[in-house]
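This report refers to the structure that appears directly beneath it.
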Amino acid sequence: MRKTALLLPIVGIFAYLTLTSSSGGRSGNLTTSGCGSCHGNSATTGITVSFSLDSAGTTVTKYKAGKVYTLKMTGTNSTSSNLSFFGYHMVAVMGSGSTQAGTFGTLPSGTSQHSSGSLTVLGHNMPISPASGTGASGTTYTVSVPWTAPAAGSGTVTVRAALNAVNGDGNDGSSDHWNTGSGTFAELPTTTGVNEAVAAAVSVYPNPVSTNLNIELGTEESEVAVYDLSGKLMAIETNVSGKLSVNAAVWAAGIYQVVVKTNSGTKTVSVAKQ
């Protein structure tokens with residue numbers, strides 16, 4: 001049987017499918033577990049799979065409903081095997097369930113899509129070359145696809161994939177290595193006039209606060225100001241990034257506005273002082 005990139009499911013929310021290997025890809029939903037029948041019974045920890053979401057050149061951890069992103073899957077080979085090609089299957093679902101999340105745009109070379117129940121499954125239609133390296137340890141395998149986020153109120157999106165890195169020797173066997181992975185992306189609240197990258201980077205806690213208010217920022221330099229509801233300035237820091245702590249112990253009980261400004265946009269968070 002000809003060498004291929006095979007991805008088979010075992011258990012989970014997706015049905016078990018028994019398939020033979022195929023360099024042109026296979027139908028079905030093959031994203032929860034791997035390639036045991038032809039490529040070894042167990043996943044290989046030396047193959048890792050991760051995901052990122054890109055918004056106009058900025059990596060984000062949350063999505064805005066209806067916005068178009070670039071969804072990127074990255075596989076890495078840290079085994080001692082030389083694995084010069086790969087194949088994969090990938091889906092995006094609501095939460096931890098089996099409902100399609102968003103839609104995929106124009107697919108890159110080597111990738112096609114098919115339906116499996118209500119899901120759109122992306123997968124290889126030919127052996128795909130690495131993004132970096134030639135197959136040795138340190139080689140990376142990537143696929144980037146346009147993805148339009150689902151409607152408002154969809155909640156957390158989970159992306160799952162199975163990746164099989166193969167050595168191209170023409171024989172199925174345990175010398176090929178596979179693994180699965182998943183990543184989650186939370187939904188940004190619907191806001192007006194807030195830059196998405198700023199909103200995704202800023203976190204203010206605890207809320208309510210009694211002593212120290214922690215403000216986590218992105219890497220972009222920011223101005224952070226705190227106002228009471230009368231507009232009185234309670235605290236201000238300029239040209240800051242990373243994590244900031246503000247002494248809230250001296251504030252009277254009530255509601256305060258934390259305003260974070262960067263060159264990219266502004267985010268305002270209401271905080272209650274106990």
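Residue numbering restarts at 1 in every chain; chains get A, B, ... in the order shown in the structure tokens, and ligands count up from 1 in that same order.
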
List every residue of range 74-239 of chain A that DSSP, applied to the backbone of this structure, places in helix (DSSP H, G or I), and write the result as a ChimeraX atom specification. /A:196-201

Would you list the contacts of range 226-230 of chain A as a PyMOL selection string, taking every protein, DNA or RNA residue within 12 Å and counting only C-alpha atoms, but skipping same-chain residues closer than 3 positions in sequence? chain A and resi 204+213+215+223+233-238+245-248+251-261+267-273

Shortest interatomic distance to Gly218 in chain A - which of A:Gly102, A:Pro150, A:Gly133, A:Gly242, counting only C-alpha atoms: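 Closest candidate: A:Gly242.
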
Hey, which of A:Val93, A:Leu163, A:Val202, A:Ala43 ends up closest to Glu221 in chain A? Count only C-alpha atoms.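 Going through A:Val93, A:Leu163, A:Val202, A:Ala43 one by one, the smallest distance to Glu221 in chain A is for A:Val202.
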
Residues within 6 Å of range 160-162 of chain A, please, as a VMD selection string. Count only C-alpha atoms; anything in the same chain fewer than 5 positions from it doesn't count. chain A and resid 31 88 to 91 179 to 182

Non-local contacts of His124 in chain A (6 Å; only C-alpha atoms; under 5 positions in same chain excluded) as a ChimeraX atom specification: /A:25,87-88,110-111

Take the residues from that selection and put them in a file with C-alpha atoms, as a compact mmCIF listing (two decimals), in the first residue's frame.
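out31.txt, freshly written:
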# COMPACT_ATOMS: atom_id res chain seq x y z
CA GLY A 25 -6.94 12.70 2.04
CA GLY A 87 -1.38 15.60 6.18
CA TYR A 88 -4.10 16.80 8.51
CA GLY A 110 -2.94 21.10 -0.78
CA THR A 111 -6.15 21.60 1.23

Neighbours of Gly75 in chain A within 8 Å (only C-alpha atoms; same-chain residues fewer than 2 positions away dropped), as a VMD selection string? chain A and resid 47 to 50 73 77 140 to 142 163

Neighbours of Gly66 in chain A within 10 Å (only C-alpha atoms; same-chain residues fewer than 4 positions away dropped), as number ranges by chain? A: 102-103, 147-152

Store the residues picked out above in a file with N, CA and C atoms, as a PDB file, in the first residue's frame.
ATOM      1  N   GLY A 102     -18.416  29.247  12.591  1.00  0.00           N
ATOM      2  CA  GLY A 102     -17.875  30.088  11.539  1.00  0.00           C
ATOM      3  C   GLY A 102     -17.795  29.370  10.207  1.00  0.00           C
ATOM      4  N   THR A 103     -17.173  30.065   9.246  1.00  0.00           N
ATOM      5  CA  THR A 103     -17.022  29.507   7.901  1.00  0.00           C
ATOM      6  C   THR A 103     -15.604  29.733   7.408  1.00  0.00           C
ATOM      7  N   TRP A 147     -10.865  32.477   7.998  1.00  0.00           N
ATOM      8  CA  TRP A 147     -11.977  31.976   8.806  1.00  0.00           C
ATOM      9  C   TRP A 147     -12.838  33.156   9.249  1.00  0.00           C
ATOM     10  N   THR A 148     -14.121  33.094   8.927  1.00  0.00           N
ATOM     11  CA  THR A 148     -15.060  34.118   9.367  1.00  0.00           C
ATOM     12  C   THR A 148     -15.721  33.659  10.658  1.00  0.00           C
ATOM     13  N   ALA A 149     -15.579  34.467  11.711  1.00  0.00           N
ATOM     14  CA  ALA A 149     -16.094  34.108  13.024  1.00  0.00           C
ATOM     15  C   ALA A 149     -17.613  34.000  12.998  1.00  0.00           C
ATOM     16  N   PRO A 150     -18.184  33.191  13.904  1.00  0.00           N
ATOM     17  CA  PRO A 150     -19.641  33.014  13.934  1.00  0.00           C
ATOM     18  C   PRO A 150     -20.362  34.245  14.460  1.00  0.00           C
ATOM     19  N   ALA A 151     -21.680  34.175  14.501  1.00  0.00           N
ATOM     20  CA  ALA A 151     -22.527  35.289  14.926  1.00  0.00           C
ATOM     21  C   ALA A 151     -22.347  35.587  16.409  1.00  0.00           C
ATOM     22  N   ALA A 152     -22.726  36.792  16.808  1.00  0.00           N
ATOM     23  CA  ALA A 152     -22.644  37.209  18.202  1.00  0.00           C
ATOM     24  C   ALA A 152     -23.426  36.248  19.092  1.00  0.00           C
TER      25      ALA A 152
END

Report as a ChimeraX atom specification: the residues of range 45-82 of chain A with a DSSP assignment of strand (DSSP E), based on the backbone of this structure. /A:47-55,58-60,62-63,68-77

Please produce a file of those selected residues containing N, CA and C atoms, as an mmCIF file, in the first residue's frame.
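Writing done, so here's result-v7.cif:
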data_model
loop_
_atom_site.group_PDB
_atom_site.id
_atom_site.type_symbol
_atom_site.label_atom_id
_atom_site.label_comp_id
_atom_site.auth_asym_id
_atom_site.auth_seq_id
_atom_site.Cartn_x
_atom_site.Cartn_y
_atom_site.Cartn_z
ATOM 1 N N ILE A 47 5.351 15.096 18.385
ATOM 2 C CA ILE A 47 4.617 15.897 17.403
ATOM 3 C C ILE A 47 3.615 16.737 18.183
ATOM 4 N N THR A 48 3.730 18.042 18.089
ATOM 5 C CA THR A 48 2.802 18.922 18.789
ATOM 6 C C THR A 48 1.982 19.718 17.777
ATOM 7 N N VAL A 49 0.753 20.057 18.169
ATOM 8 C CA VAL A 49 -0.157 20.794 17.300
ATOM 9 C C VAL A 49 -0.726 21.967 18.087
ATOM 10 N N SER A 50 -0.615 23.174 17.537
ATOM 11 C CA SER A 50 -1.139 24.365 18.202
ATOM 12 C C SER A 50 -1.843 25.245 17.184
ATOM 13 N N PHE A 51 -2.544 26.274 17.700
ATOM 14 C CA PHE A 51 -3.362 27.127 16.850
ATOM 15 C C PHE A 51 -3.195 28.590 17.236
ATOM 16 N N SER A 52 -3.331 29.480 16.253
ATOM 17 C CA SER A 52 -3.324 30.916 16.518
ATOM 18 C C SER A 52 -4.318 31.592 15.593
ATOM 19 N N LEU A 53 -4.737 32.790 16.011
ATOM 20 C CA LEU A 53 -5.724 33.568 15.258
ATOM 21 C C LEU A 53 -5.108 34.922 14.960
ATOM 22 N N ASP A 54 -5.066 35.282 13.682
ATOM 23 C CA ASP A 54 -4.426 36.515 13.254
ATOM 24 C C ASP A 54 -5.473 37.507 12.764
ATOM 25 N N SER A 55 -5.377 38.741 13.277
ATOM 26 C CA SER A 55 -6.265 39.818 12.849
ATOM 27 C C SER A 55 -5.425 40.941 12.271
ATOM 28 N N THR A 58 -1.993 41.006 13.670
ATOM 29 C CA THR A 58 -1.897 40.944 15.128
ATOM 30 C C THR A 58 -2.475 39.632 15.618
ATOM 31 N N THR A 59 -1.708 38.905 16.434
ATOM 32 C CA THR A 59 -2.206 37.667 17.008
ATOM 33 C C THR A 59 -3.156 37.990 18.157
ATOM 34 N N VAL A 60 -4.350 37.403 18.132
ATOM 35 C CA VAL A 60 -5.360 37.664 19.156
ATOM 36 C C VAL A 60 -5.799 36.349 19.784
ATOM 37 N N LYS A 62 -9.006 36.284 21.272
ATOM 38 C CA LYS A 62 -10.461 36.350 21.262
ATOM 39 C C LYS A 62 -10.922 36.808 19.884
ATOM 40 N N TYR A 63 -12.138 36.440 19.525
ATOM 41 C CA TYR A 63 -12.653 36.802 18.212
ATOM 42 C C TYR A 63 -13.843 37.738 18.346
ATOM 43 N N VAL A 68 -13.408 38.537 9.803
ATOM 44 C CA VAL A 68 -12.577 37.581 9.081
ATOM 45 C C VAL A 68 -11.171 37.556 9.691
ATOM 46 N N TYR A 69 -10.694 36.369 10.000
ATOM 47 C CA TYR A 69 -9.367 36.155 10.575
ATOM 48 C C TYR A 69 -8.582 35.181 9.711
ATOM 49 N N THR A 70 -7.297 35.046 10.033
ATOM 50 C CA THR A 70 -6.497 33.952 9.501
ATOM 51 C C THR A 70 -6.283 32.950 10.628
ATOM 52 N N LEU A 71 -6.794 31.758 10.434
ATOM 53 C CA LEU A 71 -6.636 30.683 11.411
ATOM 54 C C LEU A 71 -5.432 29.837 11.000
ATOM 55 N N LYS A 72 -4.475 29.708 11.913
ATOM 56 C CA LYS A 72 -3.230 29.014 11.588
ATOM 57 C C LYS A 72 -3.028 27.814 12.500
ATOM 58 N N MET A 73 -2.801 26.664 11.891
ATOM 59 C CA MET A 73 -2.408 25.465 12.622
ATOM 60 C C MET A 73 -0.916 25.256 12.438
ATOM 61 N N THR A 74 -0.195 24.999 13.532
ATOM 62 C CA THR A 74 1.243 24.751 13.469
ATOM 63 C C THR A 74 1.563 23.422 14.125
ATOM 64 N N GLY A 75 2.212 22.555 13.371
ATOM 65 C CA GLY A 75 2.721 21.301 13.917
ATOM 66 C C GLY A 75 4.232 21.379 14.009
ATOM 67 N N THR A 76 4.803 20.749 15.012
ATOM 68 C CA THR A 76 6.260 20.761 15.202
ATOM 69 C C THR A 76 6.760 19.343 15.445
ATOM 70 N N ASN A 77 7.831 18.994 14.767
ATOM 71 C CA ASN A 77 8.468 17.689 14.949
ATOM 72 C C ASN A 77 9.669 17.842 15.871
#

Using only C-alpha atoms, can you tell me which of A:Val143, A:Leu217, A:Ala101, A:Ala136 comes closest to Tyr205 in chain A?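 Ranking A:Val143, A:Leu217, A:Ala101, A:Ala136 by distance to Tyr205 in chain A, first place goes to A:Leu217.
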
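Separating CA of Phe104 in chain A from CA of Gly183 in chain A is a distance of 16.6 Å.
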
CA of Val224 in chain A to CA of Gly155 in chain A, distance in Å rounded to a single decimal: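 Answer for the CA of Val224 in chain A to CA of Gly155 in chain A separation: 28.4 Å.
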
Nearest residue to Met126 in chain A from the set A:Ser23, A:Thr44, A:Val157, A:Ser81 (distances using only C-alpha atoms):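 Residue with the minimum atom-to-atom distance to Met126 in chain A: A:Ser23.
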